[in-house]
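This is my_file_19.csv. It holds CSV, C-alpha atoms.
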chain,number,residue,atom,x,y,z
A,1,MET,CA,-9.0,9.0,21.5
A,2,SER,CA,-10.9,10.7,18.7
A,3,SER,CA,-14.1,9.6,17.0
A,4,SER,CA,-16.3,10.3,14.0
A,5,GLY,CA,-19.7,8.9,13.1
A,6,CYS,CA,-21.1,7.7,9.8
A,7,ALA,CA,-24.8,6.7,9.5
A,8,SER,CA,-25.7,6.6,5.9
A,9,SER,CA,-24.2,3.2,5.0
A,10,GLN,CA,-22.8,2.3,8.4
A,11,ARG,CA,-19.6,0.3,8.0
A,12,LYS,CA,-19.2,1.0,4.2
A,13,ALA,CA,-19.4,4.7,4.9
A,14,ALA,CA,-16.7,4.4,7.6
A,15,ASN,CA,-14.5,2.4,5.3
A,16,THR,CA,-15.0,4.8,2.5
A,17,ALA,CA,-14.1,7.7,4.7
A,18,VAL,CA,-10.7,6.2,5.7
A,19,ALA,CA,-10.0,5.2,2.1
A,20,LEU,CA,-10.8,8.7,0.8
A,21,GLY,CA,-8.8,10.3,3.6
A,22,ILE,CA,-5.7,8.2,3.5
A,23,LEU,CA,-5.2,6.8,0.0
A,24,ARG,CA,-3.9,8.5,-3.1
A,25,GLY,CA,-3.3,7.3,-6.7
A,26,ASN,CA,-0.9,4.3,-7.0
A,27,ASP,CA,-1.0,3.7,-3.3
A,28,THR,CA,-0.6,0.1,-1.9
A,29,VAL,CA,-3.0,-1.5,0.6
A,30,ILE,CA,-2.8,-4.9,2.3
A,31,VAL,CA,-6.2,-6.5,3.2
A,32,ASN,CA,-7.9,-9.8,4.0
A,33,SER,CA,-9.3,-11.5,0.9
A,34,ILE,CA,-13.0,-12.2,0.8
A,35,GLU,CA,-12.5,-16.0,0.8
A,36,ASN,CA,-10.4,-15.6,3.9
A,37,GLY,CA,-13.0,-13.5,5.7
A,38,GLY,CA,-12.3,-10.0,4.5
A,39,HIS,CA,-15.1,-7.5,4.0
A,40,ILE,CA,-16.2,-6.8,0.4
A,41,SER,CA,-15.5,-3.0,0.8
A,42,HIS,CA,-11.8,-3.8,1.3
A,43,ASN,CA,-11.5,-5.8,-1.8
A,44,PRO,CA,-11.2,-5.3,-5.6
A,45,ILE,CA,-15.0,-4.9,-6.1
A,46,GLY,CA,-15.3,-2.7,-3.0
A,47,VAL,CA,-14.5,0.9,-2.2
A,48,VAL,CA,-10.8,0.3,-1.6
A,49,GLY,CA,-10.0,-1.6,-4.7
A,50,ARG,CA,-12.6,-0.6,-7.3
A,51,ARG,CA,-13.5,3.1,-6.9
A,52,ILE,CA,-11.3,5.4,-5.0
A,53,GLN,CA,-12.0,9.0,-5.8
A,54,VAL,CA,-8.7,11.0,-5.7
A,55,ARG,CA,-8.7,14.7,-6.4
A,56,GLY,CA,-11.9,14.5,-8.4
A,57,LYS,CA,-11.2,11.4,-10.4
A,58,VAL,CA,-12.8,8.0,-10.0
A,59,LEU,CA,-10.1,5.3,-10.3
A,60,THR,CA,-10.5,1.9,-11.7
A,61,PRO,CA,-8.1,-1.1,-11.2
A,62,GLY,CA,-5.5,-1.4,-13.9
A,63,ARG,CA,-5.7,2.2,-14.9
A,64,GLU,CA,-3.4,5.1,-14.0
A,65,ASN,CA,-3.6,6.0,-10.3
A,66,SER,CA,-5.4,2.9,-9.3
A,67,ILE,CA,-4.9,1.3,-5.9
A,68,ASN,CA,-2.6,-1.7,-5.6
A,69,LEU,CA,-4.1,-4.4,-3.4
A,70,HIS,CA,-2.2,-7.3,-1.7
A,71,PHE,CA,-3.8,-10.0,0.4
A,72,TRP,CA,-2.6,-11.1,3.8
A,73,PRO,CA,-1.2,-14.7,3.6
A,74,THR,CA,-2.8,-17.2,5.9
A,75,THR,CA,-1.9,-20.4,7.6
A,76,GLN,CA,-3.2,-23.6,6.1
A,77,ASP,CA,-6.5,-23.5,7.9
A,78,GLY,CA,-7.3,-20.1,6.4
A,79,TYR,CA,-8.6,-18.6,9.6
A,80,HIS,CA,-5.3,-17.2,11.0
A,81,LEU,CA,-2.8,-14.9,9.4
A,82,ASP,CA,0.7,-16.4,8.8
A,83,LYS,CA,2.7,-13.9,10.9
A,84,PRO,CA,6.2,-14.5,9.3
A,85,ARG,CA,4.8,-14.2,5.8
A,86,CYS,CA,2.8,-11.2,6.7
A,87,LEU,CA,5.8,-9.4,8.1
A,88,ASP,CA,7.7,-10.3,4.9
A,89,LEU,CA,4.9,-8.9,2.8
A,90,LEU,CA,5.1,-5.6,4.8
A,91,GLU,CA,8.8,-5.3,4.2
A,92,GLN,CA,8.4,-6.1,0.5
A,93,THR,CA,5.5,-3.7,-0.3
A,94,SER,CA,5.8,-0.9,2.2
A,95,PRO,CA,2.1,-0.2,1.9
A,96,ASN,CA,0.4,3.1,2.5
A,97,LEU,CA,-2.4,1.5,4.6
A,98,VAL,CA,-2.9,-1.9,6.1
A,99,ILE,CA,-6.4,-3.2,7.0
A,100,LEU,CA,-7.0,-5.9,9.6
A,101,GLY,CA,-10.2,-7.4,10.8
A,102,LYS,CA,-12.8,-9.4,8.9
A,103,SER,CA,-16.5,-10.2,8.3
A,104,LEU,CA,-16.0,-13.9,9.0
A,105,PHE,CA,-14.0,-13.2,12.2
A,106,LEU,CA,-13.4,-16.2,14.4
A,107,PHE,CA,-10.0,-15.4,15.9
A,108,PRO,CA,-8.0,-12.3,16.8
A,109,GLU,CA,-5.6,-10.7,14.3
A,110,PRO,CA,-1.8,-10.3,14.9
A,111,VAL,CA,-2.1,-6.6,15.4
A,112,LYS,CA,0.8,-6.2,17.8
A,113,GLU,CA,3.3,-7.9,15.6
A,114,ILE,CA,2.2,-6.0,12.5
A,115,ALA,CA,2.1,-2.7,14.4
A,116,GLU,CA,5.8,-3.1,15.3
A,117,VAL,CA,6.8,-3.0,11.6
A,118,CYS,CA,4.2,-0.4,10.7
A,119,ARG,CA,5.4,1.9,13.4
A,120,ALA,CA,9.0,1.8,12.0
A,121,LYS,CA,7.7,2.5,8.5
A,122,ASN,CA,5.1,5.1,9.5
A,123,ILE,CA,2.2,3.1,8.1
A,124,PRO,CA,-1.4,3.6,9.4
A,125,ILE,CA,-3.3,0.6,10.6
A,126,LEU,CA,-7.1,0.3,10.2
A,127,TYR,CA,-8.8,-2.4,12.2
A,128,ASP,CA,-12.3,-3.4,10.9
A,129,GLY,CA,-14.1,-4.2,14.2
A,130,ALA,CA,-17.6,-4.1,12.7
A,131,HIS,CA,-18.5,-7.6,13.9
A,132,VAL,CA,-16.6,-7.6,17.2
A,133,LEU,CA,-17.1,-4.1,18.6
A,134,GLY,CA,-19.3,-5.4,21.4
A,135,LEU,CA,-16.8,-8.1,22.4
A,136,ILE,CA,-14.0,-5.5,22.4
A,137,THR,CA,-16.1,-3.2,24.5
A,138,GLY,CA,-16.8,-6.0,26.9
A,139,GLY,CA,-13.1,-6.9,27.2
A,140,GLN,CA,-13.6,-10.4,25.6
A,141,PHE,CA,-11.6,-9.9,22.4
A,142,GLN,CA,-8.3,-8.3,21.5
A,143,ASP,CA,-7.9,-4.5,22.2
A,144,PRO,CA,-6.7,-3.2,18.8
A,145,PHE,CA,-5.6,0.2,20.2
A,146,LYS,CA,-3.5,-1.3,22.9
A,147,GLU,CA,-1.9,-3.5,20.3
A,148,GLY,CA,-1.0,-0.6,18.0
A,149,ALA,CA,-3.9,0.1,15.6
A,150,HIS,CA,-4.6,3.7,14.6
A,151,PHE,CA,-8.2,3.4,13.5
A,152,ILE,CA,-11.1,1.2,14.4
A,153,ASN,CA,-14.0,1.2,12.0
A,154,ALA,CA,-17.1,-0.6,13.3
A,155,SER,CA,-20.8,-1.1,13.1
A,156,THR,CA,-22.9,-0.4,16.2
A,157,HIS,CA,-25.6,-3.0,15.5
A,158,LYS,CA,-23.8,-6.3,15.5
A,159,THR,CA,-22.2,-7.5,18.7
A,160,PHE,CA,-22.6,-3.9,19.9
A,161,PRO,CA,-26.4,-3.9,20.3
A,162,GLY,CA,-27.3,-0.5,19.1
A,163,PRO,CA,-29.0,1.1,16.1
A,164,GLN,CA,-27.5,0.9,12.6
A,165,ARG,CA,-24.6,3.3,12.5
A,166,GLY,CA,-21.0,3.3,11.6
A,167,VAL,CA,-18.2,4.7,13.8
A,168,ILE,CA,-14.6,5.5,13.2
A,169,LEU,CA,-12.4,5.6,16.4
A,170,GLY,CA,-8.9,7.0,16.4
A,171,ASN,CA,-5.9,6.5,18.6
A,172,MET,CA,-3.6,9.3,17.6
A,173,ARG,CA,-0.5,10.2,19.6
A,174,SER,CA,1.9,11.9,17.2
A,175,GLU,CA,1.7,14.9,14.9
A,176,GLN,CA,1.7,12.6,11.8
A,177,GLU,CA,-1.0,10.5,13.3
A,178,MET,CA,-3.2,13.6,13.8
A,179,LYS,CA,-2.7,14.5,10.2
A,180,TRP,CA,-4.0,11.0,9.3
A,181,TRP,CA,-7.0,11.7,11.6
A,182,ASN,CA,-7.7,15.1,10.1
A,183,SER,CA,-7.6,13.6,6.6
A,184,VAL,CA,-10.1,10.9,7.6
A,185,ASP,CA,-12.3,13.4,9.3
A,186,ARG,CA,-12.6,15.2,6.0
A,187,GLY,CA,-13.3,11.9,4.4
A,188,VAL,CA,-16.4,11.6,6.6
A,189,MET,CA,-17.9,14.9,5.7
A,190,PRO,CA,-18.3,15.6,2.8
A,191,GLY,CA,-16.6,12.5,1.6
A,192,SER,CA,-18.8,9.5,2.6
A,193,SER,CA,-21.7,11.0,4.6
A,194,SER,CA,-23.8,14.1,4.7
A,195,SER,CA,-25.9,13.3,7.7
A,196,HIS,CA,-25.3,11.4,11.0
A,197,HIS,CA,-29.1,10.6,11.3
A,198,LEU,CA,-29.9,12.3,14.5
A,199,HIS,CA,-32.9,10.1,15.2
A,200,THR,CA,-30.6,7.1,15.8
A,201,LEU,CA,-28.8,8.8,18.7
A,202,PRO,CA,-31.2,8.0,21.5
A,203,GLY,CA,-31.0,4.3,20.8
A,204,MET,CA,-27.2,4.6,20.6
A,205,LEU,CA,-27.1,6.3,24.0
A,206,ILE,CA,-29.2,3.5,25.5
A,207,ALA,CA,-26.9,0.8,24.0
A,208,ILE,CA,-23.8,2.6,25.3
A,209,ARG,CA,-25.4,2.8,28.8
A,210,GLU,CA,-26.3,-0.9,28.7
A,211,MET,CA,-22.8,-1.9,27.5
A,212,SER,CA,-21.1,0.3,30.2
A,213,GLU,CA,-22.9,-1.7,32.9
A,214,TYR,CA,-23.4,-5.2,31.4
A,215,GLY,CA,-20.9,-5.3,28.5
A,216,GLN,CA,-18.5,-7.7,30.2
A,217,GLN,CA,-21.1,-10.2,31.2
A,218,TYR,CA,-22.8,-10.1,27.9
A,219,ALA,CA,-19.6,-10.4,25.9
A,220,SER,CA,-18.3,-13.2,28.1
A,221,GLN,CA,-21.5,-15.2,27.7
A,222,THR,CA,-21.6,-14.6,24.0
A,223,VAL,CA,-18.2,-16.1,23.5
A,224,ALA,CA,-19.1,-19.0,25.8
A,225,ASN,CA,-22.3,-19.6,23.9
A,226,ALA,CA,-20.5,-19.6,20.5
A,227,LYS,CA,-18.0,-22.2,21.8
A,228,ALA,CA,-20.8,-24.3,23.3
A,229,PHE,CA,-22.8,-24.1,20.1
A,230,GLY,CA,-19.8,-25.1,18.0
A,231,LYS,CA,-19.2,-28.2,20.1
A,232,ALA,CA,-22.9,-29.1,20.2
A,233,LEU,CA,-23.1,-28.9,16.4
A,234,ALA,CA,-20.0,-31.0,16.0
A,235,ASP,CA,-21.5,-33.6,18.3
A,236,GLU,CA,-24.5,-33.6,15.9
A,237,SER,CA,-22.0,-34.4,13.1
A,238,VAL,CA,-22.2,-31.0,11.5
A,239,ASN,CA,-19.0,-29.9,10.0
A,240,VAL,CA,-18.0,-26.9,12.1
A,241,GLU,CA,-14.8,-25.1,10.8
A,242,ALA,CA,-11.7,-24.6,13.0
A,243,GLU,CA,-12.6,-27.4,15.4
A,244,GLU,CA,-8.9,-27.9,16.1
A,245,PHE,CA,-8.7,-24.4,17.5
A,246,GLY,CA,-11.8,-24.6,19.6
A,247,PHE,CA,-14.2,-23.4,16.8
A,248,THR,CA,-14.0,-19.7,17.7
A,249,GLU,CA,-12.9,-17.0,20.0
A,250,SER,CA,-15.7,-14.6,19.0
A,251,HIS,CA,-19.5,-14.7,18.6
A,252,GLN,CA,-19.3,-16.4,15.2
A,253,LEU,CA,-19.2,-20.0,13.9
A,254,ALA,CA,-18.5,-21.1,10.3
A,255,LEU,CA,-20.2,-24.3,9.1
A,256,ASN,CA,-19.2,-26.2,5.9
A,257,VAL,CA,-22.6,-27.4,4.6
A,258,THR,CA,-21.6,-28.9,1.3
A,259,ASN,CA,-22.6,-32.4,2.5
A,260,PHE,CA,-26.2,-31.0,3.0
A,261,GLY,CA,-26.5,-29.2,-0.4
A,262,ASN,CA,-26.0,-25.7,-1.7
A,263,ALA,CA,-25.3,-23.1,1.0
A,264,LYS,CA,-27.5,-20.4,-0.6
A,265,THR,CA,-30.5,-22.8,-0.8
A,266,ILE,CA,-29.9,-24.0,2.7
A,267,ALA,CA,-29.7,-20.5,4.2
A,268,ARG,CA,-33.0,-19.6,2.4
A,269,SER,CA,-34.7,-22.8,3.6
A,270,LEU,CA,-33.5,-22.4,7.2
A,271,ALA,CA,-35.0,-18.9,7.3
A,272,GLU,CA,-38.3,-19.6,5.4
A,273,GLN,CA,-39.1,-23.0,6.8
A,274,ASN,CA,-37.5,-22.9,10.2
A,275,ASN,CA,-37.1,-19.3,11.4
A,276,ILE,CA,-33.4,-19.8,11.7
A,277,ILE,CA,-31.5,-16.9,10.2
A,278,THR,CA,-27.9,-17.5,8.9
A,279,ASN,CA,-25.6,-16.0,6.3
A,280,TYR,CA,-24.3,-18.0,3.4
A,281,ASN,CA,-20.6,-17.4,3.2
A,282,LEU,CA,-17.4,-18.1,1.4
A,283,LEU,CA,-15.0,-20.3,3.3
A,284,PRO,CA,-11.2,-20.5,2.9
A,285,GLY,CA,-10.5,-22.3,-0.3
A,286,ASP,CA,-13.7,-21.3,-2.0
A,287,LYS,CA,-13.2,-19.7,-5.5
A,288,ASP,CA,-16.7,-19.1,-6.8
A,289,PRO,CA,-18.6,-16.3,-4.9
A,290,ASN,CA,-21.8,-17.7,-6.4
A,291,ASN,CA,-21.2,-21.1,-4.9
A,292,PRO,CA,-20.1,-20.7,-1.3
A,293,SER,CA,-19.7,-23.7,0.8
A,294,GLY,CA,-20.4,-22.2,4.2
A,295,LEU,CA,-22.9,-20.7,6.6
A,296,ARG,CA,-21.9,-18.0,9.1
A,297,ILE,CA,-23.7,-17.9,12.4
A,298,GLY,CA,-23.6,-15.4,15.2
A,299,VAL,CA,-25.0,-16.0,18.7
A,300,GLN,CA,-25.0,-12.5,20.1
A,301,GLU,CA,-28.8,-11.9,19.6
A,302,MET,CA,-29.7,-15.1,21.3
A,303,THR,CA,-27.3,-14.3,24.1
A,304,ARG,CA,-28.7,-10.9,24.6
A,305,TYR,CA,-32.1,-12.4,25.3
A,306,GLY,CA,-30.7,-14.7,27.9
A,307,MET,CA,-29.9,-18.0,26.2
A,308,LYS,CA,-26.9,-19.9,27.6
A,309,GLU,CA,-25.0,-23.1,27.0
A,310,THR,CA,-28.0,-25.4,27.6
A,311,GLU,CA,-30.0,-23.6,24.9
A,312,MET,CA,-27.1,-23.9,22.5
A,313,GLN,CA,-27.4,-27.7,22.8
A,314,GLU,CA,-31.2,-27.5,22.1
A,315,LEU,CA,-30.6,-25.2,19.1
A,316,ALA,CA,-27.9,-27.5,17.7
A,317,VAL,CA,-30.4,-30.3,17.5
A,318,LEU,CA,-32.9,-28.1,15.7
A,319,MET,CA,-30.2,-26.7,13.4
A,320,LYS,CA,-29.1,-30.2,12.4
A,321,ALA,CA,-32.7,-31.1,11.6
A,322,GLY,CA,-33.1,-28.0,9.5
A,323,LEU,CA,-29.9,-28.7,7.6
A,324,GLU,CA,-31.3,-32.1,6.8
A,325,GLY,CA,-34.4,-30.5,5.3
A,326,LYS,CA,-36.8,-31.2,8.1
A,327,VAL,CA,-39.3,-28.6,9.2
A,328,VAL,CA,-38.9,-27.7,12.9
A,329,LYS,CA,-40.3,-24.2,12.9
A,330,ASP,CA,-42.7,-24.9,15.7
A,331,GLN,CA,-39.9,-26.2,17.9
A,332,VAL,CA,-37.8,-23.1,17.0
A,333,VAL,CA,-40.7,-20.8,17.9
A,334,GLN,CA,-41.3,-22.6,21.1
A,335,LEU,CA,-37.6,-22.2,22.1
A,336,ARG,CA,-37.5,-18.6,21.2
A,337,SER,CA,-40.7,-17.8,23.0
A,338,ARG,CA,-39.0,-18.6,26.3
A,339,PHE,CA,-36.7,-15.6,25.8
A,340,THR,CA,-38.6,-12.5,25.0
A,341,GLU,CA,-36.9,-9.8,27.2
A,342,VAL,CA,-33.4,-8.3,26.9
A,343,HIS,CA,-31.3,-9.9,29.6
A,344,TYR,CA,-28.5,-7.4,29.7
A,345,ALA,CA,-30.3,-4.1,30.4
As a first step, turn the structure in this file into structure tokens.
Amino acid sequence: MSSSGCASSQRKAANTAVALGILRGNDTVIVNSIENGGHISHNPIGVVGRRIQVRGKVLTPGRENSINLHFWPTTQDGYHLDKPRCLDLLEQTSPNLVILGKSLFLFPEPVKEIAEVCRAKNIPILYDGAHVLGLITGGQFQDPFKEGAHFINASTHKTFPGPQRGVILGNMRSEQEMKWWNSVDRGVMPGSSSSHHLHTLPGMLIAIREMSEYGQQYASQTVANAKAFGKALADESVNVEAEEFGFTESHQLALNVTNFGNAKTIARSLAEQNNIITNYNLLPGDKDPNNPSGLRIGVQEMTRYGMKETEMQELAVLMKAGLEGKVVKDQVVQLRSRFTEVHYA
């Protein structure tokens, strides 16, 4: 396995490096759309779709040499890829790069099935594991390399509890795959990053040491907490997405909060009035990026400080109160004050 590091813009720098290294004018890429969880850098307004610099030219969609983007089709719920339709799209488009992985990432991707087609067509697979790297490291999510991915791009400060950095991991076995890797390596320096920010490395080494010893326990409890939090919120009559699938297989939950008001306003209120930090987020079916219907929540930070399923039930009650516009900051502070030391270290 090979690896490169990007620190200037973390995940974006890593995604830029792969795009610069692999793609050329008029190439075709298949990605997850933003409304179905995809990262903004993979989409038309991001580095893949909007500005790909090829041989000294900055390319714009609709102009000569621009990148052709296609979106993975999903099942009706919007949280899973529709495997038969995805395989049909691969056959129809023969892309130059496929990107799997998401920002709103509740369930694993069908990497294995897609890799079988890509292998026959010599198509590189990039797996965006920014949000789930810690779960992958802890053996509690899919292993993209074992399932056939060539690259994993990731952040080291989300479920992987390190400093803000971006990493590109490679699983190259053939001569052609090594050519891909060498191209991406050149995309890192001087393409997307001129410094790897040496001062972040001590913290990174500590995080790696922690994960090597406690990663499985931490990742397992993180997923258990997310599931417990989802159920507890649903029991409080909060509309938690994907209930029919057990809410999540990762650290994240998606809440539809339209019955409580505007998601942007709610996220701001939860943070300012109640010390509960969330992320307002598009949900499947949303069309207006300025009017999202959802909140995205991650439980990894609470888990790392020792919270378990019982605390998820307590937090669900406080979360419901906050969604209703009540001020419960004192109770939130009291709950948090019981967990002040890193549990997995």
- Message: I want to know what sits within 7 Å of A:Lys112, based on only C-alpha atoms, with residues of the same chain fewer than 2 positions away left out; could you give that as a PyMOL selection string?
- Response: chain A and resi 110+114-116+147-148
Writer output for current selection, C-alpha atoms, as a short mmCIF file (atom, residue, chain, number, x, y, z; two decimals), in the frame of the given file:
data_model
loop_
_atom_site.label_atom_id
_atom_site.label_comp_id
_atom_site.auth_asym_id
_atom_site.auth_seq_id
_atom_site.Cartn_x
_atom_site.Cartn_y
_atom_site.Cartn_z
CA PRO A 110 -1.80 -10.30 14.90
CA ILE A 114 2.20 -6.00 12.50
CA ALA A 115 2.10 -2.70 14.40
CA GLU A 116 5.80 -3.10 15.30
CA GLU A 147 -1.90 -3.50 20.30
CA GLY A 148 -1.00 -0.60 18.00
#
Residue neighbourhood A:Cys86, 7 Å, all atoms listed in the file, exclusion window fewer than 4 positions, as a PDB file with C-alpha atoms, in the coordinates of the input:
ATOM      1  CA  TRP A  72      -2.600 -11.100   3.800  1.00  0.00           C
ATOM      2  CA  PRO A  73      -1.200 -14.700   3.600  1.00  0.00           C
ATOM      3  CA  ASP A  82       0.700 -16.400   8.800  1.00  0.00           C
ATOM      4  CA  LEU A  90       5.100  -5.600   4.800  1.00  0.00           C
TER       5      LEU A  90
END
- Selection: 10 Å around A:Glu301, all atoms listed in the file, excl. self and same-chain fewer than 3 positions, as a list in words: Lys158, Thr159, Pro161, Thr222, His251, Gly298, Arg304, Tyr305, Gly306, Met307 and Val342 of chain A
- Length of the atom CA of A:Gly203 to atom CA of A:Ile152 vector [Å]: 21.1 Å
- In file coordinates, which residues lie within 8 Å of (-11.7, 2.3, 13.1) using all atoms listed in the file, given as a ChimeraX atom specification? /A:14,126-129,150-154,167-170
Please dump the current selection as an mmCIF file, in the coordinates of the input; keep C-alpha atoms.
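Generated file (again.cif):
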data_model
loop_
_atom_site.group_PDB
_atom_site.id
_atom_site.type_symbol
_atom_site.label_atom_id
_atom_site.label_comp_id
_atom_site.auth_asym_id
_atom_site.auth_seq_id
_atom_site.Cartn_x
_atom_site.Cartn_y
_atom_site.Cartn_z
ATOM 1 C CA ALA A 14 -16.700 4.400 7.600
ATOM 2 C CA LEU A 126 -7.100 0.300 10.200
ATOM 3 C CA TYR A 127 -8.800 -2.400 12.200
ATOM 4 C CA ASP A 128 -12.300 -3.400 10.900
ATOM 5 C CA GLY A 129 -14.100 -4.200 14.200
ATOM 6 C CA HIS A 150 -4.600 3.700 14.600
ATOM 7 C CA PHE A 151 -8.200 3.400 13.500
ATOM 8 C CA ILE A 152 -11.100 1.200 14.400
ATOM 9 C CA ASN A 153 -14.000 1.200 12.000
ATOM 10 C CA ALA A 154 -17.100 -0.600 13.300
ATOM 11 C CA VAL A 167 -18.200 4.700 13.800
ATOM 12 C CA ILE A 168 -14.600 5.500 13.200
ATOM 13 C CA LEU A 169 -12.400 5.600 16.400
ATOM 14 C CA GLY A 170 -8.900 7.000 16.400
#
- Gap from atom CA of A:Val31 to atom CA of A:Ala242 - Å, one decimal: 21.3 Å
- Query: Between A:Leu89, A:Leu335, A:Ala254, A:Leu81, which has the minimum distance to A:Thr310 (counting all atoms listed in the file)?
  - Reply: A:Leu335
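Between A:Gly21 and the candidates A:Lys287, A:Lys179, A:His196, A:Lys146, the tightest atom-to-atom separation, counting only C-alpha atoms, involves A:Lys179.
Compared by their closest atoms to A:Thr340, and using all atoms listed in the file, the residues A:Met302, A:Met178, A:Ala207, A:Gln217 rank with A:Met302 nearest.
Proximity of A:Arg173, A:Gly325, A:Gly37, A:Val299 to A:Ile277, computed with all atoms listed in the file, is greatest for A:Val299.
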- Distance in Å - atom CA of A:Glu309 versus atom CA of A:Leu135: 17.7 Å
Return the padded bounding box of stretch 326-339 of chain A as JSON: axis-aligned, built from all atoms listed in the file, 6 Å added on each side, with centre and edge lengths in Å to one decimal.
{"center_x": -39.7, "center_y": -23.4, "center_z": 17.2, "size_x": 18.0, "size_y": 27.6, "size_z": 30.2}
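The residue that comes closest to A:Glu236, out of A:Leu315, A:Met211, A:Ala19, A:Leu69 and on the basis of all atoms listed in the file, is A:Leu315.
Using all atoms listed in the file for every distance, the candidate list A:Thr248, A:Asn36, A:Gln273, A:Asn182 yields A:Asn36 as the residue closest to A:Thr75.
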